[in-house]
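Reproduced below: query_21.cif, with mmCIF, C-alpha atoms.
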data_start
loop_
_atom_site.label_atom_id
_atom_site.label_comp_id
_atom_site.auth_asym_id
_atom_site.auth_seq_id
_atom_site.Cartn_x
_atom_site.Cartn_y
_atom_site.Cartn_z
CA MET A 1 67.94 89.27 109.58
CA LYS A 2 71.14 91.18 110.39
CA THR A 3 71.14 94.52 112.16
CA GLU A 4 72.77 97.47 110.42
CA LYS A 5 75.65 97.18 112.91
CA GLU A 6 76.15 93.50 112.03
CA LYS A 7 76.05 94.35 108.32
CA MET A 8 78.63 97.10 108.86
CA ILE A 9 81.06 94.85 110.72
CA ASP A 10 80.56 91.99 108.21
CA GLY A 11 81.40 94.18 105.20
CA ASP A 12 77.85 94.24 103.80
CA TYR A 13 76.12 97.40 102.61
CA TYR A 14 74.50 99.16 105.56
CA LEU A 15 72.70 102.36 106.50
CA ALA A 16 75.13 104.62 108.36
CA GLY A 17 72.18 106.71 109.60
CA ASP A 18 70.82 103.76 111.60
CA SER A 19 69.88 104.98 115.09
CA THR A 20 72.11 102.44 116.86
CA LEU A 21 75.13 103.41 114.76
CA VAL A 22 74.44 107.12 115.27
CA LYS A 23 74.25 106.52 119.03
CA ASP A 24 77.50 104.51 118.99
CA ARG A 25 79.32 107.25 117.03
CA ARG A 26 78.02 109.92 119.41
CA ARG A 27 79.31 107.88 122.38
CA ALA A 28 82.75 107.62 120.74
CA LYS A 29 82.79 111.36 119.95
CA ASN A 30 81.98 112.20 123.56
CA LEU A 31 84.84 109.99 124.79
CA LEU A 32 87.17 111.48 122.16
CA HIS A 33 86.24 114.99 123.29
CA ARG A 34 87.20 114.06 126.84
CA LEU A 35 90.46 112.48 125.63
CA ASN A 36 91.42 115.18 123.12
CA VAL A 37 90.25 118.29 124.95
CA THR A 38 89.68 117.71 128.64
CA GLU A 39 92.61 115.42 129.42
CA TYR A 40 94.99 115.86 126.47
CA ARG A 41 97.79 114.14 128.39
CA LEU A 42 98.02 110.43 129.14
CA THR A 43 96.86 110.67 132.74
CA LYS A 44 95.15 108.00 134.81
CA LYS A 45 91.81 109.45 133.73
CA ALA A 46 92.87 109.41 130.05
CA LYS A 47 93.80 105.73 130.38
CA GLU A 48 90.31 105.04 131.76
CA ILE A 49 88.78 106.87 128.79
CA LEU A 50 90.91 104.79 126.39
CA LYS A 51 89.77 101.55 128.04
CA GLU A 52 86.17 102.62 127.57
CA LEU A 53 86.72 103.87 124.00
CA ILE A 54 88.91 100.95 122.83
CA PRO A 55 87.97 98.03 125.09
CA ASN A 56 89.73 95.47 122.85
CA ALA A 57 93.27 96.77 123.39
CA GLY A 58 96.13 94.99 125.09
CA SER A 59 98.27 96.62 127.73
CA ASN A 60 100.34 99.71 127.02
CA LEU A 61 98.11 101.35 124.41
CA TYR A 62 99.50 104.87 124.16
CA ILE A 63 97.75 107.56 122.16
CA GLU A 64 99.04 111.12 121.75
CA PRO A 65 96.00 113.37 121.35
CA PRO A 66 94.38 114.42 119.21
CA PHE A 67 93.10 111.06 118.02
CA HIS A 68 89.94 110.28 116.04
CA CYS A 69 87.90 107.15 115.37
CA ASP A 70 84.31 106.28 114.46
CA TYR A 71 83.41 103.71 117.11
CA GLY A 72 86.47 102.48 119.02
CA TYR A 73 85.01 99.06 119.75
CA ASN A 74 86.11 97.77 116.32
CA ILE A 75 89.79 98.47 117.08
CA PHE A 76 91.65 95.39 118.36
CA CYS A 77 95.24 96.02 119.54
CA GLY A 78 97.97 93.79 120.87
CA GLU A 79 100.50 94.90 123.49
CA ASN A 80 102.59 98.06 123.20
CA VAL A 81 100.76 99.98 120.48
CA TYR A 82 101.63 103.65 120.02
CA PHE A 83 99.69 106.28 118.03
CA ASN A 84 101.41 109.64 117.60
CA VAL A 85 99.41 112.87 117.16
CA ASN A 86 96.60 113.35 114.62
CA CYS A 87 95.94 109.71 113.80
CA VAL A 88 92.54 108.72 112.37
CA VAL A 89 91.01 105.24 112.48
CA LEU A 90 87.72 104.89 110.61
CA ASP A 91 86.76 101.63 112.29
CA CYS A 92 83.44 100.78 110.65
CA SER A 93 84.87 97.29 110.18
CA THR A 94 87.47 95.65 112.36
CA VAL A 95 90.96 97.08 112.62
CA THR A 96 93.30 94.43 114.00
CA ILE A 97 96.70 95.69 115.13
CA GLY A 98 99.41 93.36 116.41
CA SER A 99 101.83 93.97 119.26
CA ASN A 100 104.71 96.45 119.16
CA VAL A 101 103.20 98.57 116.39
CA PHE A 102 104.07 102.25 116.05
CA PHE A 103 102.08 104.85 114.12
CA ALA A 104 103.84 108.11 113.27
CA PRO A 105 101.87 111.40 113.18
CA ALA A 106 98.82 111.74 110.96
CA VAL A 107 98.50 108.09 109.96
CA GLN A 108 95.01 107.27 108.67
CA LEU A 109 93.39 103.84 108.61
CA TYR A 110 90.19 103.69 106.53
CA THR A 111 87.92 100.66 106.68
CA ALA A 112 85.02 102.74 105.33
CA THR A 113 84.30 102.63 101.63
CA HIS A 114 81.37 103.39 99.35
CA PRO A 115 79.66 101.79 96.36
CA LEU A 116 80.89 102.83 92.94
CA ASP A 117 77.28 103.01 91.76
CA ALA A 118 76.05 106.59 92.33
CA GLU A 119 72.48 105.55 93.24
CA LEU A 120 73.62 103.06 95.89
CA ARG A 121 76.14 105.58 97.23
CA LYS A 122 73.30 107.99 98.09
CA THR A 123 72.05 105.72 100.87
CA LEU A 124 74.48 102.88 101.56
CA GLU A 125 78.09 102.35 102.47
CA ASN A 126 80.25 99.41 103.47
CA ALA A 127 83.54 98.71 105.16
CA LEU A 128 86.39 96.22 104.80
CA PRO A 129 88.72 95.15 107.64
CA ILE A 130 92.33 96.23 108.04
CA THR A 131 94.97 94.00 109.64
CA ILE A 132 98.47 95.08 110.70
CA GLY A 133 100.87 92.42 111.99
CA ASP A 134 103.24 92.53 114.95
CA ASP A 135 106.36 94.71 115.00
CA CYS A 136 105.33 97.21 112.31
CA TRP A 137 106.16 100.88 111.93
CA ILE A 138 103.78 103.01 109.87
CA GLY A 139 105.38 106.26 108.70
CA GLY A 140 103.80 109.71 109.05
CA ASN A 141 100.94 110.77 106.78
CA SER A 142 100.47 107.22 105.51
CA VAL A 143 97.02 106.04 104.48
CA ILE A 144 95.95 102.41 104.86
CA CYS A 145 92.98 101.67 102.57
CA PRO A 146 89.99 99.37 103.18
CA GLY A 147 90.64 95.63 103.09
CA VAL A 148 94.44 95.85 103.38
CA THR A 149 96.61 93.45 105.37
CA ILE A 150 100.13 94.50 106.33
CA GLY A 151 102.28 91.56 107.40
CA LYS A 152 104.43 91.33 110.50
CA GLY A 153 107.72 93.20 110.71
CA CYS A 154 106.86 95.74 108.00
CA VAL A 155 107.86 99.37 107.63
CA ILE A 156 105.62 101.67 105.61
CA GLY A 157 107.43 104.81 104.44
CA ALA A 158 106.10 108.27 105.27
CA GLY A 159 103.40 109.53 102.93
CA SER A 160 102.60 106.10 101.50
CA VAL A 161 99.13 105.08 100.36
CA VAL A 162 98.71 101.35 100.97
CA THR A 163 96.10 99.99 98.54
CA LYS A 164 97.20 96.33 98.44
CA ASN A 165 98.42 93.74 100.92
CA ILE A 166 102.06 93.95 102.03
CA PRO A 167 103.89 90.67 102.81
CA ASP A 168 105.76 90.06 106.08
CA ASN A 169 109.09 91.82 106.65
CA SER A 170 108.76 94.30 103.81
CA LEU A 171 109.68 97.94 103.33
CA ALA A 172 106.91 99.56 101.26
CA VAL A 173 106.82 103.18 100.09
CA GLY A 174 105.01 105.42 97.65
CA ASN A 175 101.60 106.17 96.23
CA PRO A 176 100.46 103.53 95.69
CA ALA A 177 102.81 101.81 98.12
CA LYS A 178 105.12 99.23 96.57
CA VAL A 179 107.49 96.83 98.28
CA ILE A 180 111.02 98.02 97.56
CA ARG A 181 112.88 95.40 99.57
CA LYS A 182 112.61 92.71 102.21
CA LEU A 183 113.75 93.45 105.76
CA ASN A 184 115.76 91.34 108.24
CA GLN A 185 117.31 89.10 105.60
#
Just give me the structure as structure tokens.
Amino acid sequence: MKTEKEKMIDGDYYLAGDSTLVKDRRRAKNLLHRLNVTEYRLTKKAKEILKELIPNAGSNLYIEPPFHCDYGYNIFCGENVYFNVNCVVLDCSTVTIGSNVFFAPAVQLYTATHPLDAELRKTLENALPITIGDDCWIGGNSVICPGVTIGKGCVIGAGSVVTKNIPDNSLAVGNPAKVIRKLNQ
């Protein structure tokens, strides 16, 4: 039988109030407090906090505080990933970010979702993974919804809400985000 944590990561319905998940979120919040309040600048100590919070990141992960996430351990980053201020990553499922990806201020990545059925929603939730390819730029105040894949080389315009997959080398804008043209062609 799967643990609630395994169910969460696999996209199954799970109990968010499970004691292991509560403990994991508390650990992340304590690290985020140290990053966002105590350090607030990318010092040697802040880099150590980031390695503990997001152990699956490549080199040159740069985060401008404040930053928020649920767990940290479900965020997988390539090399040279930059998060500007006020970014939120609800990483109940895996968030896979390629190399050379830039997030403008207030970008939000949501893997967390909830059942449409009101009775189920009272006790259970689930999450769907997000994948962002190499060499992407995500504009400020954009929202990436659960289960979305953004291909390599994409630009997402500021304020966009990405509800569906975006193919490689695309410029997508709007709410909901739509591809308005191909890039690098």
Report the distance between CA of Ala28 in chain A and CA of Leu50 in chain A in Å, rounded to one decimal place. 10.3 Å
Output check: residues returned by the PyMOL selection byres ((chain A and resi 138) around 6), as a list of chain:residue names: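 Answer for the PyMOL selection byres ((chain A and resi 138) around 6): A:Phe103, A:Trp137, A:Gly139, A:Val155, A:Ile156.
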When you draw a straight line from CA of Asp117 in chain A to CA of Gly11 in chain A, how long is it in Å?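 CA of Asp117 in chain A sits 16.6 Å away from CA of Gly11 in chain A.
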The residue from A:Ala57, A:Val179, A:Ile49, A:Val95 with the smallest atom-to-atom distance to Val148 in chain A, counting only C-alpha atoms, is A:Val95
Just to confirm, what's the straight-line distance from CA of Met8 in chain A to CA of Leu109 in chain A in Å (one decimal)?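 Between CA of Met8 in chain A and CA of Leu109 in chain A the gap works out to 16.2 Å.
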Picked residues, the PyMOL selection byres ((chain A and resi 46) around 10), expected as a list in words: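 Going through the file, the PyMOL selection byres ((chain A and resi 46) around 10) ends up selecting Leu31, Leu32, Arg34, Leu35, Asn36, Thr38, Glu39, Tyr40, Arg41, Leu42, Thr43, Lys44, Lys45, Lys47, Glu48, Ile49, Leu50, Lys51, Glu52, Tyr62 and Ile63 of chain A.
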Residue members of the PyMOL selection byres ((chain A and resi 124) around 9) in the file shown, as an MDAnalysis selection string: chainID A and resid 13:16 114:115 119:123 125:126
Nearest to Glu64 in chain A, restricted to all atoms listed in the file and choosing among A:Ala112, A:Val37, A:Val143, A:Val161, comes out as A:Val37
Write out as a PyMOL selection string each polymer residue whose atoms come within 9 Å of Lys29 in chain A, counting only C-alpha atoms; drop sequence neighbours fewer than 6 positions from it. chain A and resi 68-71
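Of the residues under consideration (A:Asn141, A:Thr163, A:Asn169, A:Asn84), A:Asn169 shows the shortest atom-to-atom contact distance to Arg181 in chain A when counting all atoms listed in the file.
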Need the neighbours of (88.4, 106.1, 110.2): which residues are at most 12 Å away, counting all atoms listed in the file, as JSON, numbers by chain? {"A": [25, 67, 68, 69, 70, 71, 72, 74, 75, 86, 87, 88, 89, 90, 91, 92, 93, 94, 95, 106, 107, 108, 109, 110, 111, 112, 113, 127, 128, 129, 130, 143, 144, 145, 146]}
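Each of A:Glu6, A:Ser99, A:His33, A:Asn184 was compared to Asn60 in chain A using all atoms listed in the file, and A:Ser99 turns out to be the nearest.
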Protein and nucleic acid residues near (98.9, 97.7, 107.4) (cut-off 6 Å, only C-alpha atoms) as a VMD selection string: chain A and resid 131 to 132 149 to 150
Residue neighbourhood Lys5 in chain A, 8 Å, only C-alpha atoms, exclusion window fewer than 4 positions, as number ranges by chain: A: 9, 14, 20-21
Using 8 Å of padding on each side, determine the axis-aligned box around all atoms of range 80-86 of chain A present in the file and give its centre and edge lengths in Å to one decimal, as AutoDock Vina command-line options.
--center_x 99.6 --center_y 105.7 --center_z 118.9 --size_x 22.0 --size_y 31.3 --size_z 24.6
